[in-house]
Structure formats: structure tokens, C-alpha cells
$ cat entry_14.txt   # compact mmCIF, N, CA and C atoms
# COMPACT_ATOMS: atom_id res chain seq x y z
N GLY H 1 -6.64 -11.22 0.83
CA GLY H 1 -7.25 -11.15 -0.48
C GLY H 1 -6.77 -12.26 -1.38
N TRP H 2 -7.23 -12.23 -2.62
CA TRP H 2 -6.90 -13.26 -3.60
C TRP H 2 -5.72 -12.85 -4.48
N ASN H 3 -5.05 -11.77 -4.13
CA ASN H 3 -3.92 -11.34 -4.94
C ASN H 3 -2.69 -11.29 -4.06
N VAL H 4 -1.65 -10.60 -4.52
CA VAL H 4 -0.45 -10.48 -3.71
C VAL H 4 -0.76 -9.68 -2.45
N PRO H 5 -0.06 -9.96 -1.35
CA PRO H 5 -0.32 -9.25 -0.10
C PRO H 5 -0.11 -7.74 -0.21
N GLY H 6 0.66 -7.32 -1.18
CA GLY H 6 0.90 -5.89 -1.36
C GLY H 6 -0.37 -5.09 -1.50
N HIS H 7 -1.35 -5.63 -2.21
CA HIS H 7 -2.63 -4.92 -2.37
C HIS H 7 -3.31 -4.70 -1.03
N ASP H 8 -3.37 -5.75 -0.22
CA ASP H 8 -4.01 -5.61 1.09
C ASP H 8 -3.26 -4.63 1.97
N LEU H 9 -1.94 -4.66 1.90
CA LEU H 9 -1.13 -3.75 2.72
C LEU H 9 -1.32 -2.30 2.29
N VAL H 10 -1.34 -2.05 1.01
CA VAL H 10 -1.56 -0.69 0.52
C VAL H 10 -2.95 -0.21 0.93
N TYR H 11 -3.93 -1.08 0.81
CA TYR H 11 -5.29 -0.71 1.21
C TYR H 11 -5.33 -0.36 2.70
N PHE H 12 -4.67 -1.15 3.53
CA PHE H 12 -4.61 -0.87 4.96
C PHE H 12 -3.97 0.49 5.22
N PHE H 13 -2.80 0.73 4.62
CA PHE H 13 -2.11 2.00 4.84
C PHE H 13 -2.93 3.19 4.35
N SER H 14 -3.60 3.04 3.22
CA SER H 14 -4.32 4.18 2.65
C SER H 14 -5.65 4.46 3.35
N THR H 15 -6.26 3.45 3.92
CA THR H 15 -7.60 3.65 4.47
C THR H 15 -7.69 3.66 5.98
N ALA H 16 -6.81 2.96 6.69
CA ALA H 16 -7.05 2.76 8.12
C ALA H 16 -5.85 2.94 9.03
N ALA H 17 -4.65 2.84 8.55
CA ALA H 17 -3.46 2.87 9.42
C ALA H 17 -3.30 4.23 10.09
N ALA H 18 -2.73 4.21 11.27
CA ALA H 18 -2.40 5.45 11.97
C ALA H 18 -1.28 6.16 11.23
N ASP H 19 -1.22 7.48 11.36
CA ASP H 19 -0.17 8.24 10.70
C ASP H 19 1.22 7.73 11.06
N GLU H 20 1.41 7.34 12.32
CA GLU H 20 2.70 6.85 12.78
C GLU H 20 3.11 5.58 12.02
N CYS H 21 2.14 4.75 11.72
CA CYS H 21 2.41 3.53 10.97
C CYS H 21 2.85 3.87 9.54
N CYS H 22 2.20 4.86 8.95
CA CYS H 22 2.58 5.26 7.59
C CYS H 22 3.97 5.88 7.57
N GLU H 23 4.27 6.70 8.59
CA GLU H 23 5.58 7.33 8.66
C GLU H 23 6.69 6.29 8.78
N LYS H 24 6.38 5.16 9.38
CA LYS H 24 7.35 4.07 9.55
C LYS H 24 6.93 2.86 8.72
N HIS H 25 6.44 3.11 7.50
CA HIS H 25 5.85 2.02 6.72
C HIS H 25 6.83 0.88 6.44
N GLU H 26 8.11 1.20 6.22
CA GLU H 26 9.07 0.11 5.96
C GLU H 26 9.25 -0.75 7.20
N GLU H 27 9.26 -0.14 8.36
CA GLU H 27 9.36 -0.90 9.61
C GLU H 27 8.12 -1.78 9.80
N CYS H 28 6.95 -1.22 9.51
CA CYS H 28 5.70 -1.99 9.62
C CYS H 28 5.68 -3.14 8.61
N LEU H 29 6.17 -2.88 7.40
CA LEU H 29 6.23 -3.94 6.39
C LEU H 29 7.21 -5.04 6.80
N GLN H 30 8.30 -4.66 7.44
CA GLN H 30 9.27 -5.66 7.93
C GLN H 30 8.61 -6.53 9.00
N TRP H 31 7.88 -5.91 9.91
CA TRP H 31 7.17 -6.65 10.96
C TRP H 31 6.16 -7.62 10.33
N TYR H 32 5.39 -7.13 9.36
CA TYR H 32 4.42 -7.98 8.66
C TYR H 32 5.13 -9.16 8.00
N HIS H 33 6.24 -8.88 7.33
CA HIS H 33 6.98 -9.91 6.62
C HIS H 33 7.47 -10.99 7.58
N GLU H 34 8.03 -10.58 8.70
CA GLU H 34 8.52 -11.54 9.68
C GLU H 34 7.38 -12.40 10.24
N ALA H 35 6.25 -11.78 10.50
CA ALA H 35 5.09 -12.53 11.00
C ALA H 35 4.60 -13.51 9.95
N PHE H 36 4.57 -13.08 8.69
CA PHE H 36 4.13 -13.94 7.60
C PHE H 36 5.04 -15.17 7.49
N LEU H 37 6.34 -14.93 7.55
CA LEU H 37 7.29 -16.04 7.43
C LEU H 37 7.17 -17.05 8.55
N ARG H 38 6.81 -16.60 9.74
CA ARG H 38 6.64 -17.53 10.86
C ARG H 38 5.56 -18.57 10.57
N TYR H 39 4.58 -18.21 9.76
CA TYR H 39 3.47 -19.12 9.47
C TYR H 39 3.63 -19.84 8.13
N LEU H 40 4.68 -19.51 7.42
CA LEU H 40 4.93 -20.13 6.12
C LEU H 40 5.79 -21.38 6.32
N ASP H 41 5.52 -22.39 5.56
CA ASP H 41 6.32 -23.62 5.61
C ASP H 41 7.79 -23.25 5.46
N PRO H 42 8.66 -23.74 6.34
CA PRO H 42 10.09 -23.40 6.29
C PRO H 42 10.73 -23.63 4.92
N GLU H 43 10.27 -24.63 4.19
CA GLU H 43 10.83 -24.91 2.87
C GLU H 43 10.50 -23.80 1.86
N LEU H 44 9.45 -23.04 2.12
CA LEU H 44 9.01 -22.01 1.18
C LEU H 44 9.55 -20.62 1.51
N ARG H 45 10.11 -20.44 2.69
CA ARG H 45 10.54 -19.11 3.15
C ARG H 45 11.58 -18.48 2.24
N ARG H 46 12.44 -19.28 1.64
CA ARG H 46 13.49 -18.72 0.78
C ARG H 46 12.92 -18.07 -0.48
N PHE H 47 11.68 -18.42 -0.83
CA PHE H 47 11.04 -17.84 -2.02
C PHE H 47 10.40 -16.48 -1.73
N TRP H 48 10.42 -16.06 -0.46
CA TRP H 48 9.72 -14.83 -0.10
C TRP H 48 10.64 -13.89 0.70
N PRO H 49 11.72 -13.39 0.09
CA PRO H 49 12.60 -12.46 0.80
C PRO H 49 11.92 -11.10 0.97
N PHE H 50 12.41 -10.32 1.90
CA PHE H 50 11.82 -9.00 2.17
C PHE H 50 11.89 -8.12 0.92
N ALA H 51 12.94 -8.26 0.13
CA ALA H 51 13.05 -7.46 -1.09
C ALA H 51 11.86 -7.70 -2.02
N GLU H 52 11.38 -8.94 -2.07
CA GLU H 52 10.20 -9.25 -2.89
C GLU H 52 8.95 -8.62 -2.29
N GLN H 53 8.86 -8.65 -0.97
CA GLN H 53 7.72 -8.00 -0.29
C GLN H 53 7.69 -6.51 -0.65
N MET H 54 8.85 -5.87 -0.62
CA MET H 54 8.91 -4.44 -0.94
C MET H 54 8.61 -4.18 -2.41
N ARG H 55 9.12 -5.03 -3.29
CA ARG H 55 8.83 -4.86 -4.73
C ARG H 55 7.34 -4.91 -4.98
N LEU H 56 6.68 -5.89 -4.37
CA LEU H 56 5.24 -6.02 -4.56
C LEU H 56 4.48 -4.87 -3.91
N PHE H 57 4.96 -4.37 -2.79
CA PHE H 57 4.33 -3.21 -2.16
C PHE H 57 4.44 -1.99 -3.09
N ARG H 58 5.62 -1.77 -3.66
CA ARG H 58 5.78 -0.63 -4.56
C ARG H 58 4.85 -0.73 -5.76
N LEU H 59 4.81 -1.89 -6.40
CA LEU H 59 3.93 -2.05 -7.57
C LEU H 59 2.46 -1.97 -7.18
N SER H 60 2.12 -2.50 -6.03
CA SER H 60 0.72 -2.44 -5.56
C SER H 60 0.31 -1.01 -5.28
N LEU H 61 1.20 -0.24 -4.68
CA LEU H 61 0.86 1.17 -4.41
C LEU H 61 0.66 1.93 -5.71
N LEU H 62 1.52 1.69 -6.69
CA LEU H 62 1.34 2.36 -7.98
C LEU H 62 0.02 1.94 -8.64
N ASP H 63 -0.32 0.68 -8.54
CA ASP H 63 -1.58 0.20 -9.10
C ASP H 63 -2.77 0.85 -8.38
N TYR H 64 -2.68 0.95 -7.07
CA TYR H 64 -3.75 1.57 -6.28
C TYR H 64 -3.91 3.04 -6.65
N MET H 65 -2.81 3.74 -6.80
CA MET H 65 -2.89 5.15 -7.15
C MET H 65 -3.36 5.34 -8.59
N ARG H 66 -3.00 4.41 -9.48
CA ARG H 66 -3.55 4.47 -10.85
C ARG H 66 -5.06 4.42 -10.80
N TRP H 67 -5.59 3.50 -10.00
CA TRP H 67 -7.05 3.40 -9.82
C TRP H 67 -7.59 4.68 -9.17
N GLY H 68 -6.91 5.14 -8.13
CA GLY H 68 -7.39 6.34 -7.43
C GLY H 68 -7.45 7.55 -8.34
N TRP H 69 -6.39 7.80 -9.09
CA TRP H 69 -6.34 8.97 -9.95
C TRP H 69 -7.30 8.87 -11.13
N SER H 70 -7.55 7.68 -11.61
CA SER H 70 -8.40 7.54 -12.80
C SER H 70 -9.86 7.27 -12.47
N TYR H 71 -10.17 6.94 -11.20
CA TYR H 71 -11.56 6.63 -10.86
C TYR H 71 -12.01 7.33 -9.58
N ARG H 72 -11.47 6.96 -8.46
CA ARG H 72 -11.98 7.41 -7.17
C ARG H 72 -11.80 8.90 -6.92
N LEU H 73 -10.67 9.46 -7.32
CA LEU H 73 -10.35 10.84 -6.96
C LEU H 73 -10.67 11.86 -8.05
N VAL H 74 -11.26 11.43 -9.13
CA VAL H 74 -11.49 12.32 -10.28
C VAL H 74 -12.29 13.55 -9.89
N THR H 75 -13.30 13.40 -9.07
CA THR H 75 -14.16 14.53 -8.72
C THR H 75 -13.86 15.10 -7.33
N GLU H 76 -12.78 14.66 -6.71
CA GLU H 76 -12.44 15.14 -5.36
C GLU H 76 -11.86 16.56 -5.41
N CYS H 77 -11.99 17.24 -4.30
CA CYS H 77 -11.35 18.55 -4.13
C CYS H 77 -10.89 18.66 -2.69
N PRO H 78 -9.91 19.51 -2.42
CA PRO H 78 -9.40 19.64 -1.05
C PRO H 78 -10.48 19.96 -0.02
N ASP H 79 -11.44 20.79 -0.38
CA ASP H 79 -12.49 21.14 0.58
C ASP H 79 -13.31 19.93 1.00
N ALA H 80 -13.62 19.05 0.06
CA ALA H 80 -14.41 17.85 0.39
C ALA H 80 -13.61 16.92 1.31
N ILE H 81 -12.33 16.78 1.04
CA ILE H 81 -11.49 15.92 1.87
C ILE H 81 -11.39 16.50 3.29
N THR H 82 -11.18 17.81 3.38
CA THR H 82 -11.09 18.47 4.68
C THR H 82 -12.42 18.35 5.43
N ARG H 83 -13.53 18.53 4.74
CA ARG H 83 -14.86 18.42 5.35
C ARG H 83 -15.08 17.00 5.91
N ARG H 84 -14.72 15.99 5.15
CA ARG H 84 -14.86 14.61 5.64
C ARG H 84 -13.97 14.37 6.86
N GLY H 85 -12.78 14.94 6.84
CA GLY H 85 -11.85 14.75 7.94
C GLY H 85 -12.29 15.38 9.24
N SER H 86 -13.11 16.41 9.16
CA SER H 86 -13.56 17.08 10.38
C SER H 86 -14.97 16.67 10.79
N ALA H 87 -15.58 15.77 10.06
CA ALA H 87 -16.94 15.32 10.38
C ALA H 87 -16.97 14.58 11.72
N VAL H 88 -18.04 14.81 12.46
CA VAL H 88 -18.26 14.09 13.73
C VAL H 88 -19.65 13.47 13.64
N PRO H 89 -19.75 12.17 13.77
CA PRO H 89 -18.66 11.21 13.90
C PRO H 89 -17.96 10.99 12.56
N VAL H 90 -16.77 10.45 12.62
CA VAL H 90 -16.00 10.14 11.41
C VAL H 90 -16.72 9.06 10.63
N ASP H 91 -16.83 9.25 9.33
CA ASP H 91 -17.44 8.24 8.47
C ASP H 91 -16.36 7.22 8.11
N VAL H 92 -16.36 6.10 8.81
CA VAL H 92 -15.32 5.09 8.59
C VAL H 92 -15.44 4.42 7.22
N ASN H 93 -16.54 4.65 6.52
CA ASN H 93 -16.68 4.10 5.17
C ASN H 93 -15.91 4.93 4.15
N GLN H 94 -15.41 6.07 4.56
CA GLN H 94 -14.57 6.91 3.71
C GLN H 94 -13.14 6.67 4.16
N GLY H 95 -12.34 6.06 3.35
CA GLY H 95 -10.96 5.75 3.72
C GLY H 95 -10.19 6.99 4.13
N GLU H 96 -9.16 6.79 4.93
CA GLU H 96 -8.35 7.91 5.44
C GLU H 96 -7.84 8.79 4.30
N TYR H 97 -7.50 8.22 3.17
CA TYR H 97 -7.01 9.03 2.05
C TYR H 97 -8.09 9.94 1.50
N ARG H 98 -9.37 9.69 1.83
CA ARG H 98 -10.46 10.57 1.42
C ARG H 98 -10.90 11.50 2.55
N ARG H 99 -10.21 11.41 3.70
CA ARG H 99 -10.50 12.28 4.85
C ARG H 99 -9.29 13.10 5.26
N SER H 100 -8.13 12.82 4.69
CA SER H 100 -6.90 13.45 5.14
C SER H 100 -6.01 13.82 3.96
N LEU H 101 -5.78 15.11 3.80
CA LEU H 101 -4.85 15.55 2.76
C LEU H 101 -3.44 15.06 3.06
N LYS H 102 -3.13 14.92 4.34
CA LYS H 102 -1.81 14.40 4.72
C LYS H 102 -1.64 12.97 4.21
N ARG H 103 -2.67 12.12 4.38
CA ARG H 103 -2.57 10.73 3.92
C ARG H 103 -2.51 10.66 2.41
N LEU H 104 -3.33 11.46 1.75
CA LEU H 104 -3.30 11.47 0.28
C LEU H 104 -1.92 11.95 -0.20
N GLY H 105 -1.39 12.95 0.46
CA GLY H 105 -0.06 13.44 0.09
C GLY H 105 1.01 12.38 0.29
N TRP H 106 0.89 11.61 1.36
CA TRP H 106 1.84 10.52 1.62
C TRP H 106 1.80 9.50 0.49
N LEU H 107 0.60 9.14 0.05
CA LEU H 107 0.47 8.19 -1.06
C LEU H 107 1.07 8.75 -2.35
N VAL H 108 0.80 10.02 -2.62
CA VAL H 108 1.34 10.66 -3.82
C VAL H 108 2.86 10.71 -3.77
N ASP H 109 3.41 11.05 -2.60
CA ASP H 109 4.87 11.09 -2.44
C ASP H 109 5.49 9.72 -2.70
N LEU H 110 4.87 8.66 -2.15
CA LEU H 110 5.41 7.32 -2.39
C LEU H 110 5.29 6.94 -3.86
N ALA H 111 4.17 7.26 -4.48
CA ALA H 111 4.02 6.95 -5.91
C ALA H 111 5.11 7.64 -6.72
N GLU H 112 5.38 8.88 -6.39
CA GLU H 112 6.43 9.61 -7.11
C GLU H 112 7.80 8.97 -6.87
N GLN H 113 8.02 8.50 -5.66
CA GLN H 113 9.28 7.84 -5.32
C GLN H 113 9.40 6.48 -6.02
N PHE H 114 8.30 5.74 -6.13
CA PHE H 114 8.33 4.38 -6.67
C PHE H 114 8.27 4.33 -8.20
N LEU H 115 7.74 5.36 -8.82
CA LEU H 115 7.50 5.33 -10.26
C LEU H 115 8.76 5.10 -11.10
N PRO H 116 9.89 5.74 -10.81
CA PRO H 116 11.06 5.50 -11.65
C PRO H 116 11.49 4.03 -11.71
N ARG H 117 11.39 3.31 -10.59
CA ARG H 117 11.77 1.89 -10.60
C ARG H 117 10.82 1.08 -11.49
N ALA H 118 9.57 1.44 -11.48
CA ALA H 118 8.59 0.73 -12.32
C ALA H 118 8.81 1.09 -13.79
N GLU H 119 8.99 2.37 -14.07
CA GLU H 119 9.17 2.79 -15.46
C GLU H 119 10.45 2.24 -16.08
N SER H 120 11.48 2.08 -15.28
CA SER H 120 12.75 1.56 -15.81
C SER H 120 12.73 0.04 -15.96
N GLY H 121 11.72 -0.62 -15.38
CA GLY H 121 11.66 -2.08 -15.41
C GLY H 121 12.40 -2.72 -14.26
N GLU H 122 13.02 -1.91 -13.40
CA GLU H 122 13.78 -2.46 -12.27
C GLU H 122 12.91 -3.31 -11.35
N ASP H 123 11.64 -2.94 -11.21
CA ASP H 123 10.73 -3.72 -10.37
C ASP H 123 9.97 -4.79 -11.15
N GLY H 124 10.38 -5.04 -12.38
CA GLY H 124 9.74 -6.07 -13.18
C GLY H 124 8.48 -5.56 -13.87
N VAL H 125 7.88 -6.44 -14.62
CA VAL H 125 6.69 -6.07 -15.35
C VAL H 125 5.45 -6.80 -14.87
N LEU H 126 5.64 -7.77 -13.97
CA LEU H 126 4.53 -8.54 -13.45
C LEU H 126 4.53 -8.50 -11.92
N MET H 127 3.35 -8.57 -11.35
CA MET H 127 3.26 -8.66 -9.89
C MET H 127 3.80 -10.00 -9.42
N VAL H 128 3.44 -11.06 -10.09
CA VAL H 128 3.88 -12.40 -9.69
C VAL H 128 4.67 -12.98 -10.84
N PRO H 129 5.97 -13.20 -10.66
CA PRO H 129 6.80 -13.72 -11.76
C PRO H 129 6.33 -15.09 -12.24
N CYS H 130 6.41 -15.30 -13.53
CA CYS H 130 6.05 -16.59 -14.11
C CYS H 130 7.35 -17.30 -14.48
N ASN H 131 7.67 -18.33 -13.73
CA ASN H 131 8.91 -19.08 -13.99
C ASN H 131 8.60 -20.42 -14.62
$ encode --input "entry_14.txt" --output "C-alpha cells"
Amino acid sequence: GWNVPGHDLVYFFSTAAADECCEKHEECLQWYHEAFLRYLDPELRRFWPFAEQMRLFRLSLLDYMRWGWSYRLVTECPDAITRRGSAVPVDVNQGEYRRSLKRLGWLVDLAEQFLPRAESGEDGVLMVPCN
């Protein structure tokens, strides 16, 4: 995408990733980070530590859930999510978070875990620092 990779990663985890990938999301993010660095100019690698990848993932997830709670999920109910999850064939145009209460719960749990760092300013106030 045209923004920080965190947005694309959150979208992948929320809509398409296997449950096992979500359960090991930090391990998957580490793998992604290492692969990304292999293709980045060696002179630039020092500007992209894993801690920055995680900071951007946390802020991106909070941003995604802000959108979800204020727009996409406003009219949702557990029955509709369960119904989509059991549909045959699966409607791949409905992201996993709209077909699985487990996935939606995972996103909510992470948002709850990440929110204090954002509210305290520990994760900064901008997605991309302006130096």
C-alpha cells in the first residue's frame, strides 16, 4: 500500500490469515521484518528496527479498529457473523473478522492491549516520525 506496512499487515491478519498465524502474530511479524530487510538497501536497514515495525503495527491495529468500530461493525451482531462463518461456500469478500467471532475477539484483545501505550504517548503521536 501507500502507507506504512503496518496497515497492510493488520488488514492481512484481520481478513485472511490463518488462526495459527494470528496466534503467533509476533513471530509472523518478525519473519516479515527479516524478509523486508533482506530487500532493503543495507544503508537503510538501521532506520527500520523491529521495534519500529511493532510500534507501527500497534498503531495501525488501533487505527483499523477505530474504523471498524465507528463504521464497518456498527450494525453487526453475533448471529450475522456466525451465519457468514458457516456459509457454504465461504464468501471471501467478507473478511475473516466478519465471519469469525474468534478473529474479531483477537482484534479486540490486541486493541485493548495496545491502547495504553498509545494513550500514554509511549508509541508516539504519528505513524511516520517527522525529523
$ closest_atom_pairs --input "entry_14.txt" --of "region 29-72 of chain H" --to "region 1-24 of chain H" --cutoff "12 Å" --atoms "only C-alpha atoms" --output "JSON lines"
{"residue": "H:Leu29", "atom": "CA", "partner": "H:Leu9", "partner_atom": "CA", "distance": 8.2}
{"residue": "H:Gln30", "atom": "CA", "partner": "H:Lys24", "partner_atom": "CA", "distance": 10.0}
{"residue": "H:Trp31", "atom": "CA", "partner": "H:Lys24", "partner_atom": "CA", "distance": 10.8}
{"residue": "H:Tyr32", "atom": "CA", "partner": "H:Leu9", "partner_atom": "CA", "distance": 9.2}
{"residue": "H:His33", "atom": "CA", "partner": "H:Pro5", "partner_atom": "CA", "distance": 9.9}
{"residue": "H:Phe36", "atom": "CA", "partner": "H:Pro5", "partner_atom": "CA", "distance": 10.1}
{"residue": "H:Trp48", "atom": "CA", "partner": "H:Pro5", "partner_atom": "CA", "distance": 11.5}
{"residue": "H:Phe50", "atom": "CA", "partner": "H:Gly6", "partner_atom": "CA", "distance": 11.9}
{"residue": "H:Glu52", "atom": "CA", "partner": "H:Gly6", "partner_atom": "CA", "distance": 10.0}
{"residue": "H:Gln53", "atom": "CA", "partner": "H:Gly6", "partner_atom": "CA", "distance": 7.2}
{"residue": "H:Met54", "atom": "CA", "partner": "H:Gly6", "partner_atom": "CA", "distance": 8.2}
{"residue": "H:Arg55", "atom": "CA", "partner": "H:Gly6", "partner_atom": "CA", "distance": 8.7}
{"residue": "H:Leu56", "atom": "CA", "partner": "H:Gly6", "partner_atom": "CA", "distance": 5.4}
{"residue": "H:Phe57", "atom": "CA", "partner": "H:Gly6", "partner_atom": "CA", "distance": 4.4}
{"residue": "H:Arg58", "atom": "CA", "partner": "H:Gly6", "partner_atom": "CA", "distance": 7.9}
{"residue": "H:Leu59", "atom": "CA", "partner": "H:Gly6", "partner_atom": "CA", "distance": 7.9}
{"residue": "H:Ser60", "atom": "CA", "partner": "H:His7", "partner_atom": "CA", "distance": 5.2}
{"residue": "H:Leu61", "atom": "CA", "partner": "H:Val10", "partner_atom": "CA", "distance": 5.8}
{"residue": "H:Leu62", "atom": "CA", "partner": "H:Val10", "partner_atom": "CA", "distance": 9.5}
{"residue": "H:Asp63", "atom": "CA", "partner": "H:His7", "partner_atom": "CA", "distance": 8.5}
{"residue": "H:Tyr64", "atom": "CA", "partner": "H:Val10", "partner_atom": "CA", "distance": 7.5}
{"residue": "H:Met65", "atom": "CA", "partner": "H:Val10", "partner_atom": "CA", "distance": 9.7}
{"residue": "H:Trp67", "atom": "CA", "partner": "H:Tyr11", "partner_atom": "CA", "distance": 11.9}
{"residue": "H:Gly68", "atom": "CA", "partner": "H:Ser14", "partner_atom": "CA", "distance": 10.8}
$ atom_distance --input "entry_14.txt" --atom1 "atom C of Glu122 (chain H)" --atom2 "atom C of Trp69 (chain H)"
23.6 Å
$ atom_distance --input "entry_14.txt" --atom1 "atom N of Arg84 (chain H)" --atom2 "atom N of Asp109 (chain H)"
20.3 Å
$ atom_distance --input "entry_14.txt" --atom1 "atom C of Phe47 (chain H)" --atom2 "atom C of Arg66 (chain H)"
27.5 Å
$ residues_around --input "entry_14.txt" --residues "Gly85 (chain H)" --least-positions-apart "3" --cutoff "6.5 Å" --atoms "only N, CA and C atoms" --output "count of residues only"
6
$ select_by_dssp --input "entry_14.txt" --residues "region 15-124 of chain H" --states "helix (DSSP H, G or I)" --output "ChimeraX atom specification"
/H:15,19-23,25-39,42-47,50-72,78-86,96-98,101-120
$ closest_residue --input "entry_14.txt" --among "H:Leu44, H:Ala51, H:Val108, H:Ser70" --to "Glu26 (chain H)" --atoms "only C-alpha atoms"
H:Ala51
$ closest_residue --input "entry_14.txt" --among "H:Arg72, H:Leu101, H:Leu107, H:Phe114" --to "Ser86 (chain H)" --atoms "only C-alpha atoms"
H:Leu101
$ build_atoms --input "entry_14.txt" --residues "region 3-11 of chain H" --atoms "all heavy atoms" --output "PDB file, in the coordinates of the input"
ATOM      1  N   ASN H   3      -5.050 -11.770  -4.130  1.00  0.00           N
ATOM      2  CA  ASN H   3      -3.920 -11.340  -4.940  1.00  0.00           C
ATOM      3  C   ASN H   3      -2.690 -11.290  -4.060  1.00  0.00           C
ATOM      4  O   ASN H   3      -2.675 -11.844  -2.977  1.00  0.00           O
ATOM      5  CB  ASN H   3      -4.225  -9.979  -5.570  1.00  0.00           C
ATOM      6  CG  ASN H   3      -3.521  -9.797  -6.893  1.00  0.00           C
ATOM      7  OD1 ASN H   3      -2.381 -10.198  -7.069  1.00  0.00           O
ATOM      8  ND2 ASN H   3      -4.203  -9.186  -7.832  1.00  0.00           N
ATOM      9  N   VAL H   4      -1.650 -10.600  -4.520  1.00  0.00           N
ATOM     10  CA  VAL H   4      -0.450 -10.480  -3.710  1.00  0.00           C
ATOM     11  C   VAL H   4      -0.760  -9.680  -2.450  1.00  0.00           C
ATOM     12  O   VAL H   4      -1.622  -8.810  -2.460  1.00  0.00           O
ATOM     13  CB  VAL H   4       0.690  -9.827  -4.520  1.00  0.00           C
ATOM     14  CG1 VAL H   4       1.097 -10.692  -5.694  1.00  0.00           C
ATOM     15  CG2 VAL H   4       0.318  -8.427  -4.963  1.00  0.00           C
ATOM     16  N   PRO H   5      -0.060  -9.960  -1.350  1.00  0.00           N
ATOM     17  CA  PRO H   5      -0.320  -9.250  -0.100  1.00  0.00           C
ATOM     18  C   PRO H   5      -0.110  -7.740  -0.210  1.00  0.00           C
ATOM     19  O   PRO H   5      -0.679  -6.983   0.569  1.00  0.00           O
ATOM     20  CB  PRO H   5       0.669  -9.858   0.892  1.00  0.00           C
ATOM     21  CG  PRO H   5       1.164 -11.109   0.279  1.00  0.00           C
ATOM     22  CD  PRO H   5       0.956 -11.005  -1.191  1.00  0.00           C
ATOM     23  N   GLY H   6       0.660  -7.320  -1.180  1.00  0.00           N
ATOM     24  CA  GLY H   6       0.900  -5.890  -1.360  1.00  0.00           C
ATOM     25  C   GLY H   6      -0.370  -5.090  -1.500  1.00  0.00           C
ATOM     26  O   GLY H   6      -0.489  -3.982  -0.989  1.00  0.00           O
ATOM     27  N   HIS H   7      -1.350  -5.630  -2.210  1.00  0.00           N
ATOM     28  CA  HIS H   7      -2.630  -4.920  -2.370  1.00  0.00           C
ATOM     29  C   HIS H   7      -3.310  -4.700  -1.030  1.00  0.00           C
ATOM     30  O   HIS H   7      -3.797  -3.606  -0.739  1.00  0.00           O
ATOM     31  CB  HIS H   7      -3.560  -5.700  -3.312  1.00  0.00           C
ATOM     32  CG  HIS H   7      -3.227  -5.528  -4.743  1.00  0.00           C
ATOM     33  ND1 HIS H   7      -2.813  -6.578  -5.523  1.00  0.00           N
ATOM     34  CD2 HIS H   7      -3.220  -4.449  -5.543  1.00  0.00           C
ATOM     35  CE1 HIS H   7      -2.586  -6.149  -6.742  1.00  0.00           C
ATOM     36  NE2 HIS H   7      -2.809  -4.858  -6.781  1.00  0.00           N
ATOM     37  N   ASP H   8      -3.370  -5.750  -0.220  1.00  0.00           N
ATOM     38  CA  ASP H   8      -4.010  -5.610   1.090  1.00  0.00           C
ATOM     39  C   ASP H   8      -3.260  -4.630   1.970  1.00  0.00           C
ATOM     40  O   ASP H   8      -3.857  -3.862   2.725  1.00  0.00           O
ATOM     41  CB  ASP H   8      -4.116  -6.967   1.786  1.00  0.00           C
ATOM     42  CG  ASP H   8      -5.089  -7.904   1.092  1.00  0.00           C
ATOM     43  OD1 ASP H   8      -6.000  -7.414   0.396  1.00  0.00           O
ATOM     44  OD2 ASP H   8      -4.930  -9.123   1.239  1.00  0.00           O
ATOM     45  N   LEU H   9      -1.940  -4.660   1.900  1.00  0.00           N
ATOM     46  CA  LEU H   9      -1.130  -3.750   2.720  1.00  0.00           C
ATOM     47  C   LEU H   9      -1.320  -2.300   2.290  1.00  0.00           C
ATOM     48  O   LEU H   9      -1.474  -1.411   3.130  1.00  0.00           O
ATOM     49  CB  LEU H   9       0.336  -4.152   2.652  1.00  0.00           C
ATOM     50  CG  LEU H   9       0.656  -5.493   3.309  1.00  0.00           C
ATOM     51  CD1 LEU H   9       2.047  -5.972   2.910  1.00  0.00           C
ATOM     52  CD2 LEU H   9       0.525  -5.400   4.817  1.00  0.00           C
ATOM     53  N   VAL H  10      -1.340  -2.050   1.010  1.00  0.00           N
ATOM     54  CA  VAL H  10      -1.560  -0.690   0.520  1.00  0.00           C
ATOM     55  C   VAL H  10      -2.950  -0.210   0.930  1.00  0.00           C
ATOM     56  O   VAL H  10      -3.123   0.934   1.370  1.00  0.00           O
ATOM     57  CB  VAL H  10      -1.376  -0.603  -1.011  1.00  0.00           C
ATOM     58  CG1 VAL H  10      -1.881   0.724  -1.557  1.00  0.00           C
ATOM     59  CG2 VAL H  10       0.080  -0.813  -1.378  1.00  0.00           C
ATOM     60  N   TYR H  11      -3.930  -1.080   0.810  1.00  0.00           N
ATOM     61  CA  TYR H  11      -5.290  -0.710   1.210  1.00  0.00           C
ATOM     62  C   TYR H  11      -5.330  -0.360   2.700  1.00  0.00           C
ATOM     63  O   TYR H  11      -5.935   0.645   3.101  1.00  0.00           O
ATOM     64  CB  TYR H  11      -6.259  -1.850   0.885  1.00  0.00           C
ATOM     65  CG  TYR H  11      -7.700  -1.478   1.115  1.00  0.00           C
ATOM     66  CD1 TYR H  11      -8.376  -0.678   0.199  1.00  0.00           C
ATOM     67  CD2 TYR H  11      -8.384  -1.915   2.241  1.00  0.00           C
ATOM     68  CE1 TYR H  11      -9.696  -0.324   0.402  1.00  0.00           C
ATOM     69  CE2 TYR H  11      -9.704  -1.567   2.456  1.00  0.00           C
ATOM     70  CZ  TYR H  11     -10.352  -0.770   1.532  1.00  0.00           C
ATOM     71  OH  TYR H  11     -11.657  -0.403   1.740  1.00  0.00           O
TER      72      TYR H  11
END
